[in-house]
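Participant: Structure in structure tokens, see below.
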Amino acid sequence: MELKTNADSLRGTIKVPGDKSISHRAVIFGAVAEGKTTIDGLLKGEDVLSTIQVFRDLGVLIEEKGDQLVIHGRGFQGLTAPSQVLNMGNSGTSMRLIAGLLAGQSFEVTMCGDDSLSKRPMDRVALPLNRMGARIWGQKQKHLPPLTIKGHRHLQAITYRLPVASAQVKSAILLAALQAKGTTTVIEKDITRNHTEAMIRQFGGQIAIKGKEISLTGPQRLKGQKIYVPGDISSAAFWLVAGLIVPNSDILLENVGINPTRTGILEVIKKMGGQVYYDHVDEKEQVANLRVRYSSLKGITLSGALIPRLIDEIPIIALLATQADGVTCIRDAQELRVKETDRIQVVTDTLKSMGADIVATEDGMIIQGKTKLHGTKVSTFGDHRIGMMTAVAALLVSKGQVYLEREETIMTSYPEFFTDLERLCRG
Ligand code: S3P
């Protein structure tokens with residue numbers, strides 16, 4: 001498709017779509033809790049639709065009632081063996097979290113995914129789950145999908161120090177631990193998003209959290225709940241950056257989730273000198289309206305424990321850095337190499353092809369600021385966040401056109417992205 005270029009300003013109000021991480025977990029916990037769970041604000045992106053379909057394949061009744069999703073939970077013991085391979089589409093979160101859940105079941109299943117997911121390492125979940133007594137195997141050394149799981153009803157509790165900072169791996173182990181006998185302890189490398197821990201509590205489970213150490217004693221039973229999913233800060237991030245770099249912009253983003261394990265991007269924007277304000281905060285629900293205005297920015301260094309708190313926002317932060325004054329260095333972000341694409345390589349190649357001055361390093365990028373972008377032909381390479389970053393970058397292009405291939409992949413996390421973009425351009 002041809003992307004919109006040369007925007008004069010972005011103005012207006014956007015209600016960002018539901019949080020992807022929380023939506024997946026709401027469906028998963030709703031399915032294994034006992035009784036009815038209702039979910040409002042759910043993201044209806046392709047990734048979450050994959051999770052919903054998988055639970056239907058596992059025998060769970062899930063109904064759409066208007067905007068609300070109603071799940072008739074069957075308890076940990078109530079899932080049934082699927083008659084086909086479970087298709088996780090593009091979703092690493094679905095495959096890794098559901099692997100943890102199925103590790104404790106008594107049947108054998110195979111999970112597959114699209115081309116991108118088929119290249120993502122599953123050894124990081126296979127290893128700890130095998131130690132708990134399941135048998136999980138994939139392709140080659142890294143256990144690439146398709147992944148086969150032979151679950152075990154009597155899993156053993158383990159103590160596991162995570163070798164990578166990954167909420168998906170932590171969550172997979174916790175989902176298995178809820179079915180295992182005894183106390184499982186997970187020790188995080190750095191603190192990552194805590195939605196699984198929060199949801200275990202919300203569904204009536206018991207979990208102890210002491211800094212990076214998380215313990216739970218199984219087996220546990222969960223009870224159906226009413227869940228409200230806040231807007232996704234990782235989707236809001238595209239408008240935060242667009243508002244900061246397109247002259248004369250002023251955008252209000254409503255209902256954005258501000259769980260502190262996810263708000264690294266707000267700290268980065270502040271440190272770069274960007275104007276972002278909390279317009280309204282609901283502390284209890286951890287949501288806020290955020291207002292962003294066009295700003296002059298300076299380059300900074302991003303590294304260490306901050307990285308997992310903004311891992312999905314790094315592609316759009318890289319674009320932000322191309323417009324700041326001075327150099328921005330991103331370090332300790334080697335995990336980007338195993339996302340939907342190798343995001344260090346793809347972000348660097350894409351922005352370079354549009355005229356940016358950016359160098360890939362083993363674990364990040366070095367980006368020179370104040371560069372002018374120009375038209376070109378690019379692809380999402382099947383990565384939704386690359387597609388949205390390119391669409392925001394195109395707004396700055398004053399000469400030439402930007403053509404984006406495989407744009408349909410944006411449906412993964414933000415089906416209304418182009419409608420919202422048009423609305424902001426109209427002002
Ligand atoms: C997610 C965790 C992160 C993130 C992904 C969603 C989750 O992945 O990048 O988009 O919902 O748990 P890792 O666990 O691989 O860091």
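The way I read the labels, and the way they are meant: chains A, B, ... in the order of the structure tokens, residue 1 as the first residue of every chain, and ligand 1 as the first ligand shown, with later ones counted on from there.
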Residues at most 10 Å from ligand 1, using only C-alpha atoms and all ligand atoms? Could they come as a PDB file with C-alpha atoms, in the first residue's frame?

Facilitator:
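Just written: selection-v7.pdb:
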```pdb
ATOM      1  CA  ASP A  19      -3.595  -4.628  25.779  1.00  0.00           C
ATOM      2  CA  LYS A  20      -2.367  -7.678  23.885  1.00  0.00           C
ATOM      3  CA  SER A  21      -0.507  -9.303  26.797  1.00  0.00           C
ATOM      4  CA  ILE A  22      -3.438  -8.869  29.177  1.00  0.00           C
ATOM      5  CA  SER A  23      -5.961 -10.044  26.545  1.00  0.00           C
ATOM      6  CA  HIS A  24      -4.086 -13.333  26.004  1.00  0.00           C
ATOM      7  CA  ARG A  25      -3.880 -13.945  29.730  1.00  0.00           C
ATOM      8  CA  SER A  91       1.779 -15.357  18.319  1.00  0.00           C
ATOM      9  CA  GLY A  92       4.826 -16.224  20.413  1.00  0.00           C
ATOM     10  CA  THR A  93       2.884 -15.351  23.570  1.00  0.00           C
ATOM     11  CA  SER A  94       0.178 -17.925  22.733  1.00  0.00           C
ATOM     12  CA  ARG A  96       4.891 -20.153  25.005  1.00  0.00           C
ATOM     13  CA  LEU A  97       2.168 -19.569  27.602  1.00  0.00           C
ATOM     14  CA  ARG A 120      11.362 -18.469  17.052  1.00  0.00           C
ATOM     15  CA  PRO A 121      13.184 -20.447  19.760  1.00  0.00           C
ATOM     16  CA  ARG A 124      13.543 -21.447  26.485  1.00  0.00           C
ATOM     17  CA  VAL A 164      16.727 -14.387  29.733  1.00  0.00           C
ATOM     18  CA  ALA A 165      14.462 -11.547  30.849  1.00  0.00           C
ATOM     19  CA  SER A 166      11.237 -12.975  29.441  1.00  0.00           C
ATOM     20  CA  ALA A 167       7.674 -12.602  30.699  1.00  0.00           C
ATOM     21  CA  GLN A 168       6.614 -15.381  28.345  1.00  0.00           C
ATOM     22  CA  VAL A 169       9.004 -17.910  29.864  1.00  0.00           C
ATOM     23  CA  LYS A 170       8.154 -16.803  33.417  1.00  0.00           C
ATOM     24  CA  SER A 171       4.440 -17.134  32.613  1.00  0.00           C
ATOM     25  CA  ALA A 172       4.819 -20.576  31.021  1.00  0.00           C
ATOM     26  CA  THR A 192       9.469  -8.128  33.232  1.00  0.00           C
ATOM     27  CA  ARG A 193       5.754  -7.453  32.717  1.00  0.00           C
ATOM     28  CA  ASN A 194       3.827  -8.888  35.660  1.00  0.00           C
ATOM     29  CA  HIS A 195       0.390  -9.472  34.135  1.00  0.00           C
ATOM     30  CA  THR A 196       0.431 -13.221  34.813  1.00  0.00           C
ATOM     31  CA  SER A 234       2.714  -0.690  23.203  1.00  0.00           C
ATOM     32  CA  ILE A 307      15.081  -2.583  28.378  1.00  0.00           C
ATOM     33  CA  PRO A 308      12.481  -5.259  29.349  1.00  0.00           C
ATOM     34  CA  ARG A 309      10.137  -2.422  30.383  1.00  0.00           C
ATOM     35  CA  LEU A 310      10.041  -1.124  26.794  1.00  0.00           C
ATOM     36  CA  ILE A 311      11.189  -4.097  24.727  1.00  0.00           C
ATOM     37  CA  ASP A 312       8.316  -3.922  22.201  1.00  0.00           C
ATOM     38  CA  GLU A 313       8.652  -0.154  21.844  1.00  0.00           C
ATOM     39  CA  GLU A 335      16.324 -10.202  22.767  1.00  0.00           C
ATOM     40  CA  LEU A 336      15.125  -8.098  19.814  1.00  0.00           C
ATOM     41  CA  VAL A 338      14.350 -13.279  18.339  1.00  0.00           C
ATOM     42  CA  LYS A 339      11.100 -11.293  18.088  1.00  0.00           C
ATOM     43  CA  GLU A 340       8.619 -11.540  15.170  1.00  0.00           C
ATOM     44  CA  ARG A 385       5.489  -3.336  14.868  1.00  0.00           C
ATOM     45  CA  SER A 413      -2.082  -6.132  17.389  1.00  0.00           C
TER      46      SER A 413
END
```

Participant: For Gln334 in chain A, find every residue with an atom within 9 Å (counting only C-alpha atoms), except residues of its own chain fewer than 4 positions away, and show them as a list in words.

Facilitator: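 With the cut-off at 9 Å, the set is Val338, Ile344, Glu362, Asp363 and Gly364 of chain A.
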
Participant: Would you give me, as a ChimeraX atom specification, the residues in range 159-274 of chain A that DSSP reads as alpha helix (DSSP H)?

Facilitator: /A:167-177,195-202,233-245,264-272

Participant: Using N, CA and C atoms, can you write the selected residues to a file as a compact mmCIF listing (two decimals), in the first residue's frame?

Facilitator:
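As a result, selection12.txt now contains:
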```txt
# COMPACT_ATOMS: atom_id res chain seq x y z
N ALA A 167 8.97 -12.40 30.03
CA ALA A 167 7.67 -12.60 30.70
C ALA A 167 6.99 -13.85 30.17
N GLN A 168 7.25 -14.19 28.92
CA GLN A 168 6.61 -15.38 28.35
C GLN A 168 7.13 -16.65 29.02
N VAL A 169 8.44 -16.71 29.23
CA VAL A 169 9.00 -17.91 29.86
C VAL A 169 8.54 -17.99 31.32
N LYS A 170 8.63 -16.85 32.03
CA LYS A 170 8.15 -16.80 33.42
C LYS A 170 6.70 -17.28 33.49
N SER A 171 5.86 -16.80 32.58
CA SER A 171 4.44 -17.13 32.61
C SER A 171 4.20 -18.61 32.30
N ALA A 172 4.97 -19.15 31.36
CA ALA A 172 4.82 -20.58 31.02
C ALA A 172 5.10 -21.43 32.26
N ILE A 173 6.16 -21.09 32.99
CA ILE A 173 6.51 -21.87 34.18
C ILE A 173 5.42 -21.70 35.25
N LEU A 174 4.91 -20.50 35.42
CA LEU A 174 3.87 -20.28 36.44
C LEU A 174 2.59 -21.04 36.09
N LEU A 175 2.26 -21.10 34.80
CA LEU A 175 1.05 -21.84 34.39
C LEU A 175 1.22 -23.34 34.65
N ALA A 176 2.43 -23.84 34.46
CA ALA A 176 2.69 -25.25 34.79
C ALA A 176 2.68 -25.42 36.31
N ALA A 177 3.28 -24.45 37.02
CA ALA A 177 3.40 -24.55 38.49
C ALA A 177 2.05 -24.59 39.18
N HIS A 195 1.83 -9.25 34.31
CA HIS A 195 0.39 -9.47 34.13
C HIS A 195 -0.05 -10.87 34.57
N THR A 196 0.82 -11.86 34.40
CA THR A 196 0.43 -13.22 34.81
C THR A 196 0.27 -13.29 36.33
N GLU A 197 1.24 -12.71 37.04
CA GLU A 197 1.18 -12.72 38.50
C GLU A 197 -0.09 -12.00 38.96
N ALA A 198 -0.36 -10.82 38.35
CA ALA A 198 -1.54 -10.04 38.75
C ALA A 198 -2.81 -10.83 38.48
N MET A 199 -2.83 -11.54 37.37
CA MET A 199 -4.06 -12.26 37.02
C MET A 199 -4.27 -13.49 37.88
N ILE A 200 -3.19 -14.14 38.29
CA ILE A 200 -3.33 -15.28 39.20
C ILE A 200 -4.04 -14.80 40.47
N ARG A 201 -3.61 -13.65 40.98
CA ARG A 201 -4.28 -13.09 42.18
C ARG A 201 -5.72 -12.74 41.89
N GLN A 202 -5.94 -12.11 40.73
CA GLN A 202 -7.29 -11.67 40.38
C GLN A 202 -8.26 -12.86 40.28
N ILE A 233 -0.25 0.11 26.01
CA ILE A 233 0.76 1.18 25.91
C ILE A 233 1.71 0.91 24.72
N SER A 234 1.85 -0.36 24.35
CA SER A 234 2.71 -0.69 23.20
C SER A 234 2.08 -0.23 21.88
N SER A 235 0.74 -0.12 21.83
CA SER A 235 0.07 0.44 20.66
C SER A 235 0.05 1.96 20.75
N ALA A 236 -0.20 2.47 21.97
CA ALA A 236 -0.19 3.92 22.20
C ALA A 236 1.16 4.51 21.80
N ALA A 237 2.23 3.71 21.95
CA ALA A 237 3.59 4.18 21.69
C ALA A 237 3.74 4.77 20.28
N PHE A 238 3.02 4.21 19.31
CA PHE A 238 3.15 4.72 17.93
C PHE A 238 2.63 6.15 17.84
N TRP A 239 1.54 6.44 18.58
CA TRP A 239 0.97 7.81 18.55
C TRP A 239 1.77 8.74 19.45
N LEU A 240 2.34 8.20 20.53
CA LEU A 240 3.20 9.04 21.38
C LEU A 240 4.34 9.58 20.53
N VAL A 241 4.99 8.68 19.80
CA VAL A 241 6.14 9.10 18.97
C VAL A 241 5.68 9.98 17.81
N ALA A 242 4.58 9.60 17.16
CA ALA A 242 4.08 10.40 16.04
C ALA A 242 3.81 11.82 16.51
N GLY A 243 3.18 11.96 17.67
CA GLY A 243 2.86 13.28 18.22
C GLY A 243 4.11 14.09 18.52
N LEU A 244 5.16 13.42 18.96
CA LEU A 244 6.40 14.13 19.32
C LEU A 244 7.19 14.61 18.10
N ILE A 245 7.06 13.89 16.97
CA ILE A 245 7.94 14.21 15.83
C ILE A 245 7.25 14.91 14.65
N GLY A 264 8.38 2.00 30.51
CA GLY A 264 9.74 2.46 30.19
C GLY A 264 9.73 3.55 29.13
N ILE A 265 8.85 3.44 28.17
CA ILE A 265 8.84 4.44 27.08
C ILE A 265 8.51 5.84 27.59
N LEU A 266 7.67 5.93 28.62
CA LEU A 266 7.34 7.26 29.15
C LEU A 266 8.56 7.89 29.80
N GLU A 267 9.35 7.05 30.48
CA GLU A 267 10.59 7.56 31.09
C GLU A 267 11.58 8.02 30.02
N VAL A 268 11.66 7.26 28.95
CA VAL A 268 12.58 7.62 27.86
C VAL A 268 12.16 8.95 27.23
N ILE A 269 10.88 9.10 26.99
CA ILE A 269 10.40 10.35 26.36
C ILE A 269 10.73 11.54 27.26
N LYS A 270 10.47 11.37 28.55
CA LYS A 270 10.76 12.47 29.51
C LYS A 270 12.25 12.82 29.46
N LYS A 271 13.09 11.76 29.49
CA LYS A 271 14.54 11.98 29.51
C LYS A 271 15.02 12.65 28.21
N MET A 272 14.31 12.38 27.12
CA MET A 272 14.70 12.99 25.84
C MET A 272 14.16 14.42 25.72
```

Participant: Just want the 9 Å neighbourhood of Ala7 in chain A, counted on only C-alpha atoms, with same-chain residues fewer than 4 positions away dropped. Output as a PyMOL selection string.

Facilitator: chain A and resi 246-247+394-398+425

Participant: Only N, CA and C atoms, please: the residues just picked out, written as an mmCIF file, in the first residue's frame.

Facilitator:
```cif
data_model
loop_
_atom_site.group_PDB
_atom_site.id
_atom_site.type_symbol
_atom_site.label_atom_id
_atom_site.label_comp_id
_atom_site.auth_asym_id
_atom_site.auth_seq_id
_atom_site.Cartn_x
_atom_site.Cartn_y
_atom_site.Cartn_z
ATOM 1 N N VAL A 246 5.914 14.851 14.594
ATOM 2 C CA VAL A 246 5.228 15.566 13.501
ATOM 3 C C VAL A 246 4.904 16.981 14.007
ATOM 4 N N PRO A 247 5.428 18.019 13.358
ATOM 5 C CA PRO A 247 5.221 19.389 13.835
ATOM 6 C C PRO A 247 3.749 19.713 14.087
ATOM 7 N N ALA A 394 6.803 7.437 7.667
ATOM 8 C CA ALA A 394 6.380 7.986 6.371
ATOM 9 C C ALA A 394 5.760 9.370 6.526
ATOM 10 N N LEU A 395 5.154 9.652 7.686
ATOM 11 C CA LEU A 395 4.503 10.951 7.904
ATOM 12 C C LEU A 395 5.501 12.108 7.791
ATOM 13 N N LEU A 396 6.797 11.787 8.006
ATOM 14 C CA LEU A 396 7.827 12.836 7.973
ATOM 15 C C LEU A 396 8.411 13.032 6.577
ATOM 16 N N VAL A 397 8.047 12.151 5.642
ATOM 17 C CA VAL A 397 8.664 12.188 4.307
ATOM 18 C C VAL A 397 8.012 13.293 3.479
ATOM 19 N N SER A 398 8.834 14.264 3.041
ATOM 20 C CA SER A 398 8.240 15.356 2.261
ATOM 21 C C SER A 398 8.487 15.192 0.767
ATOM 22 N N CYS A 425 -4.793 12.558 11.155
ATOM 23 C CA CYS A 425 -4.341 13.423 10.053
ATOM 24 C C CYS A 425 -5.410 14.454 9.708
#
```

Participant: Can you list, as a list in words, every protein, DNA or RNA residue that comes within 10 Å of Ile251 in chain A when you count only C-alpha atoms, leaving out same-chain residues fewer than 3 positions away?

Facilitator: Ser9, Leu10, Arg11, Gly12, Thr13, Ile14, Trp239, Leu240, Ala242, Gly243, Leu244, Glu254, Val276, Leu290, Arg291, Val292, Arg293, Tyr294, Leu424 and Gly427 of chain A

Participant: As an MDAnalysis selection string, please: the residues near Val287 in chain A (cut-off 7 Å, only C-alpha atoms, same-chain neighbours under 2 positions excluded).

Facilitator: chainID A and resid 230 255:258 281:283 285

Participant: Nearest to Leu253 in chain A among A:Asn289, A:Gln139, A:Gln220, A:Ser303, with distances taken over only C-alpha atoms: which residue is it?

Facilitator: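 Ranking A:Asn289, A:Gln139, A:Gln220, A:Ser303 by distance to Leu253 in chain A, first place goes to A:Asn289.
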